[in-house]
Amino acid sequence: MRKFLASLAVATAAITMTSCSAGPHQLKRTVDDWDHKMYVNNPWLNAALWVVPVFPICHFGAGIGDFFVTDAYFFWFHDAWDMKGTGFKHADVAPTDGQVGSLVGDGSFLKVMK
């Protein structure tokens, strides 16, 4: 009986924690928006913040926060029961030297639109 209860507890924890991997990833995508805005406005400073490594550390910390807080919250309290996912609205950044599109969107690769 102990093995059964232990297995049940492990299975429940695994199912609960896997939900934390899915979600809108609000914190990590916010860091991504900051990175994007920084790159558009100053590519050299952006590159330096990747080398130093400010952005990698922020992405790591935001991923942990998303895993334990935001993704679990949105999955269990908003999305799991109505089968509709919560989206993330990226920050609008005005391009200064053209822009590229998402490969999910129009599928154009390495094409700069002015």
# chains A, B, ... in the order shown; residues from 1 in each chain; ligands from 1
$ residues_around --residues "region 88-94 of chain A" --least-positions-apart "6" --cutoff "10 Å" --atoms "only C-alpha atoms" --output "MDAnalysis selection string"
chainID A and resid 23:26 29:30 32:34 36:38 40:41
$ write_last_selection --atoms "C-alpha atoms" --output "mmCIF file, in the first residue's frame"
data_model
loop_
_atom_site.group_PDB
_atom_site.id
_atom_site.type_symbol
_atom_site.label_atom_id
_atom_site.label_comp_id
_atom_site.auth_asym_id
_atom_site.auth_seq_id
_atom_site.Cartn_x
_atom_site.Cartn_y
_atom_site.Cartn_z
ATOM 1 C CA GLY A 23 1.694 28.667 -20.602
ATOM 2 C CA PRO A 24 2.089 32.190 -21.917
ATOM 3 C CA HIS A 25 5.625 32.502 -20.424
ATOM 4 C CA GLN A 26 4.865 36.085 -19.435
ATOM 5 C CA ARG A 29 8.648 36.910 -23.127
ATOM 6 C CA THR A 30 8.803 40.257 -21.336
ATOM 7 C CA ASP A 32 12.506 38.929 -24.824
ATOM 8 C CA ASP A 33 10.588 42.137 -25.579
ATOM 9 C CA TRP A 34 13.196 44.125 -23.620
ATOM 10 C CA HIS A 36 14.144 43.115 -28.884
ATOM 11 C CA LYS A 37 13.632 46.800 -28.063
ATOM 12 C CA MET A 38 17.248 47.124 -26.940
ATOM 13 C CA VAL A 40 16.410 47.768 -32.403
ATOM 14 C CA ASN A 41 17.603 50.904 -30.595
#
$ residues_around --residues "Ala72 (chain A)" --least-positions-apart "3" --cutoff "12 Å" --atoms "only C-alpha atoms" --output "tab-separated table (two decimals) with C-alpha atoms, in the first residue's frame"
chain	number	residue	atom	x	y	z
A	15	ILE	CA	1.22	15.83	-13.77
A	16	THR	CA	0.94	19.05	-11.76
A	17	MET	CA	4.49	20.17	-12.51
A	18	THR	CA	4.31	19.44	-16.25
A	19	SER	CA	1.58	22.05	-16.49
A	20	CYS	CA	4.20	24.58	-15.42
A	21	SER	CA	6.07	24.00	-18.68
A	22	ALA	CA	3.09	25.19	-20.72
A	23	GLY	CA	1.69	28.67	-20.60
A	24	PRO	CA	2.09	32.19	-21.92
A	25	HIS	CA	5.62	32.50	-20.42
A	26	GLN	CA	4.86	36.09	-19.44
A	64	ILE	CA	12.12	29.90	-13.21
A	65	GLY	CA	9.50	32.50	-12.28
A	66	ASP	CA	7.30	31.41	-15.17
A	67	PHE	CA	7.65	27.74	-14.25
A	68	PHE	CA	6.70	28.15	-10.61
A	69	VAL	CA	4.26	31.07	-10.73
A	75	PHE	CA	-2.71	26.91	-16.90
A	76	TRP	CA	-4.71	25.83	-13.83
A	77	PHE	CA	-6.88	28.93	-13.27
A	78	HIS	CA	-7.56	30.12	-16.82
A	79	ASP	CA	-6.74	27.63	-19.56
A	80	ALA	CA	-7.04	23.99	-18.52
A	86	THR	CA	-3.96	32.70	-22.78
$ atom_distance --atom1 "CA of Ala62 (chain A)" --atom2 "CA of Ala47 (chain A)"
19.5 Å
$ atom_distance --atom1 "CA of Leu45 (chain A)" --atom2 "CA of Leu103 (chain A)"
26.1 Å
$ atom_distance --atom1 "CA of Gly63 (chain A)" --atom2 "CA of Leu49 (chain A)"
18.0 Å
$ closest_residue --among "A:Phe4, A:Pro56, A:Asp97, A:Phe74" --to "Tyr39 (chain A)" --atoms "only C-alpha atoms"
A:Asp97
$ select_by_dssp --residues "chain A" --states "alpha helix (DSSP H)" --output "PyMOL selection string"
chain A and resi 2-18+26-41+43-51+54-65+71-74
$ closest_residue --among "A:Leu5, A:Val104, A:Ile57, A:Val52" --to "Lys28 (chain A)" --atoms "only C-alpha atoms"
A:Ile57
